[in-house]
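Visitor: My structure is stored as data-v2.cif, with mmCIF, C-alpha atoms.
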```
data_query
loop_
_atom_site.label_atom_id
_atom_site.label_comp_id
_atom_site.auth_asym_id
_atom_site.auth_seq_id
_atom_site.Cartn_x
_atom_site.Cartn_y
_atom_site.Cartn_z
CA MET C 1 0.00 0.00 0.00
CA ASN C 2 1.41 3.38 -0.94
CA ILE C 3 0.51 5.58 2.03
CA THR C 4 0.81 9.34 1.81
CA ASP C 5 0.18 11.97 4.47
CA LYS C 6 -3.00 12.85 2.60
CA ASN C 7 -4.16 9.22 2.88
CA ILE C 8 -3.48 9.24 6.59
CA GLU C 9 -5.24 12.57 7.14
CA GLU C 10 -8.29 11.42 5.21
CA ALA C 11 -8.35 8.18 7.14
CA LEU C 12 -8.06 10.13 10.39
CA GLN C 13 -10.99 12.34 9.41
CA ARG C 14 -13.10 9.26 8.72
CA THR C 15 -11.88 7.36 11.78
CA LEU C 16 -12.34 10.32 14.10
CA ALA C 17 -15.64 11.53 12.67
CA ARG C 18 -18.22 12.35 15.31
CA THR C 19 -20.32 9.40 16.30
CA SER C 20 -23.84 9.55 17.71
CA ALA C 21 -24.30 9.46 21.45
CA PRO C 22 -26.17 6.36 22.64
CA GLU C 23 -29.95 6.37 22.41
CA GLY C 24 -31.56 8.01 25.44
CA PHE C 25 -28.35 9.71 26.53
CA ALA C 26 -29.97 13.08 27.28
CA ASP C 27 -32.77 11.43 29.28
CA ARG C 28 -30.24 9.62 31.43
CA VAL C 29 -28.37 12.86 32.12
CA LEU C 30 -31.61 14.67 32.99
CA ALA C 31 -32.61 11.82 35.31
CA ARG C 32 -29.36 12.26 37.21
CA ILE C 33 -30.02 15.96 37.68
CA GLY C 34 -32.52 15.09 40.41
CA ASP C 35 -29.50 14.14 42.47
CA PRO C 36 -29.01 16.97 45.05
CA GLN C 37 -25.28 17.04 44.29
CA SER C 38 -26.07 17.97 40.71
CA GLN C 39 -28.10 21.09 41.49
CA PRO C 40 -26.83 24.22 39.78
CA GLN C 41 -25.06 26.81 41.84
CA ARG C 42 -27.58 29.64 41.54
CA SER C 43 -25.42 32.33 42.91
CA TRP C 44 -26.75 35.90 42.93
CA LEU C 45 -23.31 36.83 41.72
CA SER C 46 -22.89 36.39 38.00
CA ALA C 47 -19.45 36.04 36.44
CA SER C 48 -19.57 39.65 35.21
CA ALA C 49 -20.62 40.89 38.66
CA LEU C 50 -17.72 38.98 40.20
CA ARG C 51 -15.37 40.60 37.71
CA ARG C 52 -16.71 44.06 38.57
CA ILE C 53 -16.33 43.37 42.30
CA ALA C 54 -12.78 42.10 41.77
CA ALA C 55 -11.96 45.26 39.79
CA ALA C 56 -13.44 47.44 42.55
CA ILE C 57 -11.41 45.60 45.20
CA LEU C 58 -8.24 46.03 43.16
CA PHE C 59 -8.96 49.72 42.65
CA THR C 60 -9.64 50.21 46.38
CA ALA C 61 -6.48 48.33 47.28
CA ALA C 62 -4.44 50.44 44.86
CA LEU C 63 -6.00 53.63 46.22
CA GLY C 64 -5.36 52.44 49.78
CA GLY C 65 -1.77 51.63 48.92
CA LEU C 66 -1.29 55.07 47.39
CA THR C 67 -2.79 56.77 50.43
CA ALA C 68 -0.66 54.71 52.80
CA HIS C 69 2.40 55.63 50.76
CA GLN C 70 1.48 59.33 50.90
CA ILE C 71 0.95 59.16 54.68
CA ALA C 72 4.30 57.42 55.15
CA GLU C 73 5.99 60.01 52.93
CA HIS C 74 4.40 62.85 54.90
CA ARG C 75 5.55 61.33 58.21
CA ARG C 76 9.05 60.86 56.85
CA ALA C 77 9.18 64.54 55.79
CA GLU C 78 7.92 65.64 59.20
CA GLY C 79 10.54 63.47 60.90
CA GLU C 80 13.26 64.96 58.74
CA LEU C 81 12.10 68.50 59.56
CA ALA C 82 12.08 67.69 63.30
CA ARG C 83 15.56 66.21 63.04
CA ARG C 84 16.87 69.36 61.34
CA GLU C 85 15.24 71.57 64.01
CA VAL C 86 16.86 69.53 66.78
CA MET C 87 20.25 69.74 65.03
CA THR C 88 19.88 73.53 64.68
CA ALA C 89 18.95 73.82 68.37
CA LEU C 90 21.98 71.72 69.31
CA HIS C 91 24.25 73.89 67.17
CA ILE C 92 22.90 77.05 68.83
CA ALA C 93 23.24 75.57 72.32
CA SER C 94 26.75 74.41 71.52
CA ALA C 95 27.75 77.89 70.28
CA LYS C 96 26.35 79.51 73.39
CA MET C 97 28.19 77.00 75.57
CA ARG C 98 31.47 77.85 73.84
CA VAL C 99 30.86 81.59 74.41
CA ALA C 100 30.07 80.92 78.06
CA GLN C 101 33.18 78.74 78.47
CA ARG C 102 35.38 81.44 76.94
CA ALA C 103 33.85 84.05 79.31
CA VAL C 104 34.48 81.82 82.30
CA ALA C 105 38.06 81.20 81.17
CA ARG C 106 38.73 84.92 80.80
CA ASP C 107 37.47 85.58 84.34
CA MET A 1 -29.29 41.46 21.74
CA PHE A 2 -29.07 37.71 22.31
CA GLY A 3 -29.19 34.92 19.71
CA SER A 4 -31.32 31.83 20.22
CA GLY A 5 -28.28 29.97 21.55
CA ASP A 6 -27.73 32.70 24.13
CA GLN A 7 -31.39 32.57 25.13
CA THR A 8 -31.31 28.79 25.50
CA LEU A 9 -28.18 29.14 27.61
CA GLN A 10 -29.76 31.84 29.78
CA ARG A 11 -32.95 29.85 30.29
CA ALA A 12 -30.95 26.72 31.13
CA ALA A 13 -28.87 28.71 33.62
CA GLY A 14 -32.14 29.90 35.13
CA GLY A 15 -33.12 26.30 35.84
CA ASP A 16 -35.21 25.50 32.74
CA HIS A 17 -34.74 21.75 32.20
CA GLU A 18 -36.13 21.87 28.69
CA SER A 19 -33.47 24.36 27.65
CA PHE A 20 -30.80 22.28 29.32
CA ALA A 21 -32.07 19.23 27.41
CA THR A 22 -31.71 21.27 24.20
CA LEU A 23 -28.10 22.02 25.11
CA ILE A 24 -27.44 18.34 25.74
CA HIS A 25 -28.94 17.35 22.39
CA GLU A 26 -26.87 19.99 20.61
CA HIS A 27 -23.58 18.87 22.10
CA GLN A 28 -23.93 15.23 23.14
CA ASP A 29 -22.40 13.81 19.95
CA MET A 30 -19.33 16.01 20.29
CA VAL A 31 -18.77 15.19 23.95
CA PHE A 32 -19.49 11.48 23.56
CA SER A 33 -17.25 11.22 20.47
CA ILE A 34 -14.26 12.81 22.21
CA ALA A 35 -14.59 10.35 25.09
CA TRP A 36 -15.29 7.43 22.75
CA HIS A 37 -12.30 8.12 20.53
CA PHE A 38 -10.11 8.43 23.59
CA LEU A 39 -11.35 5.49 25.65
CA HIS A 40 -12.73 3.15 23.00
CA ASP A 41 -15.18 1.87 25.57
CA ARG A 42 -18.79 2.88 24.99
CA GLY A 43 -19.80 2.42 28.63
CA ARG A 44 -16.97 4.51 30.01
CA ALA A 45 -17.37 7.07 27.25
CA GLU A 46 -21.03 7.52 28.14
CA GLU A 47 -20.19 7.76 31.83
CA ILE A 48 -17.60 10.47 31.14
CA ALA A 49 -20.04 12.32 28.85
CA GLN A 50 -22.79 12.20 31.47
CA GLU A 51 -20.44 13.52 34.13
CA VAL A 52 -19.41 16.35 31.84
CA PHE A 53 -23.03 17.43 31.36
CA LEU A 54 -23.74 17.12 35.09
CA GLN A 55 -20.73 19.34 35.76
CA LEU A 56 -22.06 21.74 33.16
CA TYR A 57 -25.43 21.83 34.92
CA ARG A 58 -23.74 22.75 38.19
CA THR A 59 -21.71 25.54 36.62
CA LEU A 60 -24.04 26.92 33.95
CA GLY A 61 -23.86 30.38 35.51
CA GLU A 62 -20.21 30.62 34.50
CA ILE A 63 -20.85 29.97 30.81
CA GLU A 64 -20.87 33.27 28.97
CA SER A 65 -21.88 32.36 25.41
CA PRO A 66 -22.56 29.41 23.08
CA ALA A 67 -18.95 29.59 21.83
CA HIS A 68 -17.73 29.51 25.41
CA LEU A 69 -19.99 26.52 26.04
CA THR A 70 -18.44 24.55 23.16
CA PHE A 71 -14.94 25.46 24.34
CA TRP A 72 -15.83 24.53 27.92
CA LEU A 73 -17.29 21.15 26.91
CA ARG A 74 -14.25 20.24 24.80
CA ARG A 75 -11.89 21.27 27.58
CA VAL A 76 -13.71 19.52 30.42
CA THR A 77 -14.22 16.34 28.39
CA SER A 78 -10.52 16.28 27.49
CA ASN A 79 -9.52 16.82 31.12
CA ARG A 80 -11.79 14.04 32.28
CA CYS A 81 -10.37 11.70 29.65
CA ILE A 82 -6.84 12.49 30.80
CA ASP A 83 -7.87 11.97 34.45
CA GLU A 84 -9.43 8.68 33.49
CA SER A 85 -6.29 7.50 31.75
CA ARG A 86 -4.17 8.56 34.75
CA ARG A 87 -6.37 6.55 37.07
CA GLY A 88 -5.87 3.63 34.73
CA ARG A 89 -9.56 2.81 34.86
CA TRP A 90 -9.98 2.50 31.16
CA ARG A 91 -9.62 -0.82 29.46
CA ILE A 92 -6.51 -1.39 27.39
CA VAL A 93 -7.62 -2.42 23.93
CA THR A 94 -5.46 -4.94 22.19
CA LEU A 95 -4.84 -4.59 18.50
CA ASP A 96 -7.18 -7.44 17.69
CA GLU A 97 -9.92 -5.94 19.86
CA ALA A 98 -9.31 -2.53 18.40
CA THR A 99 -9.99 -3.91 14.98
CA ASP A 100 -13.35 -5.16 16.18
CA VAL A 101 -14.44 -2.17 18.19
CA ALA A 102 -12.78 0.46 16.08
CA HIS A 103 -15.84 1.88 14.39
CA ASP A 104 -19.02 1.10 12.64
CA ALA A 105 -18.54 -0.34 9.21
CA ASP A 106 -18.02 2.30 6.58
CA ALA A 107 -18.34 1.61 2.90
CA THR A 108 -15.58 4.09 2.11
CA ASP A 109 -13.35 2.57 4.72
CA PRO A 110 -11.22 -0.28 3.58
CA LEU A 111 -8.07 -1.36 5.30
CA LEU A 112 -6.51 2.03 6.03
CA LYS A 113 -9.22 3.42 8.28
CA ARG A 114 -9.21 0.21 10.27
CA LYS A 115 -5.47 0.34 10.75
CA VAL A 116 -5.59 3.99 11.73
CA GLY A 117 -8.22 3.15 14.34
CA GLN A 118 -5.93 0.49 15.77
CA MET A 119 -2.89 2.71 15.80
CA LEU A 120 -4.68 5.60 17.49
CA GLN A 121 -5.21 3.44 20.55
CA ARG A 122 -1.48 2.98 20.87
CA LEU A 123 -0.62 6.68 20.83
CA PRO A 124 0.10 8.58 24.08
CA ALA A 125 -2.95 10.29 25.58
CA GLN A 126 -1.96 13.85 24.69
CA GLN A 127 -1.18 12.94 21.08
CA ARG A 128 -4.50 11.12 20.74
CA LEU A 129 -6.41 14.06 22.16
CA ALA A 130 -4.58 16.53 19.91
CA LEU A 131 -5.37 14.39 16.85
CA THR A 132 -9.00 14.04 17.99
CA MET A 133 -9.37 17.81 18.32
CA ARG A 134 -7.73 18.28 14.91
CA TYR A 135 -9.61 15.65 12.92
CA GLN A 136 -12.85 15.19 14.85
CA GLU A 137 -13.43 18.83 15.73
CA GLY A 138 -11.43 20.40 12.90
CA LEU A 139 -9.61 22.78 15.25
CA GLU A 140 -6.50 24.72 14.35
CA PRO A 141 -3.38 24.05 16.46
CA SER A 142 -3.81 27.34 18.35
CA GLU A 143 -7.40 26.37 19.23
CA ILE A 144 -6.25 22.92 20.31
CA GLY A 145 -3.67 24.58 22.54
CA ALA A 146 -6.38 26.67 24.18
CA VAL A 147 -8.64 23.65 24.75
CA LEU A 148 -5.92 21.34 26.04
CA GLY A 149 -3.99 24.03 27.89
CA MET A 150 -0.81 23.46 25.90
CA PRO A 151 1.63 25.83 24.20
CA LEU A 152 1.24 26.02 20.43
CA ASN A 153 4.58 24.34 19.78
CA THR A 154 3.64 21.43 22.03
CA VAL A 155 0.41 20.93 20.09
CA LYS A 156 2.29 21.03 16.79
CA SER A 157 4.77 18.55 18.16
CA HIS A 158 1.98 16.17 19.30
CA LEU A 159 0.30 16.37 15.90
CA ARG A 160 3.56 15.87 14.04
CA ARG A 161 4.63 12.94 16.20
CA GLY A 162 1.21 11.34 16.06
CA LEU A 163 1.12 11.52 12.28
CA ALA A 164 4.72 10.31 12.04
CA ALA A 165 3.93 7.33 14.27
CA LEU A 166 0.91 6.47 12.17
CA ARG A 167 2.89 6.81 8.95
CA GLU A 168 5.72 4.69 10.28
CA TRP A 169 3.45 1.99 11.63
CA LEU A 170 1.21 1.92 8.60
CA GLY A 171 4.26 1.83 6.34
CA ALA A 172 5.65 -1.08 8.28
CA THR A 173 2.43 -3.05 8.08
CA SER A 174 1.40 -2.21 4.54
#
```
How does this structure look as structure tokens?
Guide:
Amino acid sequence: MNITDKNIEEALQRTLARTSAPEGFADRVLARIGDPQSQPQRSWLSASALRRIAAAILFTAALGGLTAHQIAEHRRAEGELARREVMTALHIASAKMRVAQRAVARD
Amino acid sequence: MFGSGDQTLQRAAGGDHESFATLIHEHQDMVFSIAWHFLHDRGRAEEIAQEVFLQLYRTLGEIESPAHLTFWLRRVTSNRCIDESRRGRWRIVTLDEATDVAHDADATDPLLKRKVGQMLQRLPAQQRLALTMRYQEGLEPSEIGAVLGMPLNTVKSHLRRGLAALREWLGATS
């Protein structure tokens, strides 16, 4: 037999052609639906509603993250300002101490 | 605006058994054939097909369109076939048996179709499923990849290897 790819593909199409489901198949499936485990999940949330909720949660989380970042940034800036004020105060105190020490030394 | 398929789907999702029966009738041959070509056991193929439709009934609310339904049925049936083969619950068909159970007699089917039917049963599960999706369902490799959850190159490789194995085996026995 001289077998070509075309022969094989045609044979595959014939071999793998759809075959009819057994007689009464649908009735047997419907009969099994009475089984409590086969009841549909009638959720009030449709797939699109779930997607919208997920998007809203993501948006809220992103907004929350941004706000938290802004608060942290603000606190860091305040801390830096306080540190500079303390350093300035220390410099002033130190200068005054040196003046006082010199005055004491002169006396 | 919904087509009749969308309306049937919506009514079935709303609990209308008649609409669900319509969906079963529309798709039962496809689902049964995938399982039958994979398992080559009518009883197990029907069992798998029934379980697929029961799973569909439980998750109808997630099906978005008739096209999604077809995709979902092909995917779930394929997954169940793979699970079945992993559990080793399906009967191994010998070559002699395969000749007998291969398919209904077909006037246009002489020796070659019969041999192809035998050889298919010897292919690895993924190759057999890829060939089934290609030649039963007429899907393109990219569509097969989506259904079977495989990269495109893997699908192409399965198809190429499956055809090569068939060619080699048929050449050796012709």
Visitor: Per residue of chain A within 6 Å of chain C, record the nearest atom pair and its distance in Å to one decimal, counting all atoms listed in the file, with rows in chain order and ascending residue number, as JSON lines.
Guide:
```
{"residue": "A:Asp29", "atom": "CA", "partner": "C:Ala21", "partner_atom": "CA", "distance": 5.0}
{"residue": "A:Phe32", "atom": "CA", "partner": "C:Ala21", "partner_atom": "CA", "distance": 5.6}
{"residue": "A:Ser33", "atom": "CA", "partner": "C:Arg18", "partner_atom": "CA", "distance": 5.4}
{"residue": "A:Gln50", "atom": "CA", "partner": "C:Val29", "partner_atom": "CA", "distance": 5.7}
{"residue": "A:Tyr57", "atom": "CA", "partner": "C:Pro40", "partner_atom": "CA", "distance": 5.6}
{"residue": "A:Arg58", "atom": "CA", "partner": "C:Pro40", "partner_atom": "CA", "distance": 3.8}
{"residue": "A:Glu62", "atom": "CA", "partner": "C:Ala47", "partner_atom": "CA", "distance": 5.8}
{"residue": "A:Lys113", "atom": "CA", "partner": "C:Ala11", "partner_atom": "CA", "distance": 5.0}
{"residue": "A:Tyr135", "atom": "CA", "partner": "C:Gln13", "partner_atom": "CA", "distance": 5.0}
{"residue": "A:Gln136", "atom": "CA", "partner": "C:Leu16", "partner_atom": "CA", "distance": 5.0}
{"residue": "A:Ser174", "atom": "CA", "partner": "C:Met1", "partner_atom": "CA", "distance": 5.2}
```
Visitor: For CA of Lys115 in chain A and CA of His27 in chain A, quote the distance in Å rounded to one decimal.
Guide: 28.3 Å
Visitor: Tell me, in Å to one decimal, how far CA of Val116 in chain A is from CA of Arg167 in chain A.
Guide: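 Taking CA of Val116 in chain A as the start and CA of Arg167 in chain A as the end point, the length is 9.4 Å.
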Visitor: What is the CA of Thr8 in chain A to CA of Ile63 in chain A distance in Å?
Guide: 11.8 Å
Visitor: So, with all atoms listed in the file as the atoms that count, which of A:Arg122, A:Glu84, A:His40, A:Ala21 lies closest to Leu54 in chain A?
Guide: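 Nearest to Leu54 in chain A: A:Ala21.
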Visitor: Would you translate the PyMOL selection byres ((chain A and resi 164) around 12) into the concrete set of residues it matches in this file, as an MDAnalysis selection string?
Guide: (chainID C and resid 3:5 8:9) or (chainID A and resid 119:120 123 127 131 156:163 165:171)
Visitor: Using the file's own x, y and z axes, so that the box edges lie along x, y and z, what centre and edge lengths in Å (one decimal) does a box around every listed atom of range 74-77 of chain A get when 6 Å is added on each side? Give it as AutoDock Vina command-line options.
Guide:
```
--center_x -13.1 --center_y 18.8 --center_z 27.6 --size_x 14.4 --size_y 16.9 --size_z 17.6
```
Visitor: For Ile34 in chain A, which residue among A:Thr77, A:Gln118, A:Asn153, A:Ser85 is the nearest when counting all atoms listed in the file?
Guide: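 With all atoms listed in the file as the atom set, the closest residue is A:Thr77.
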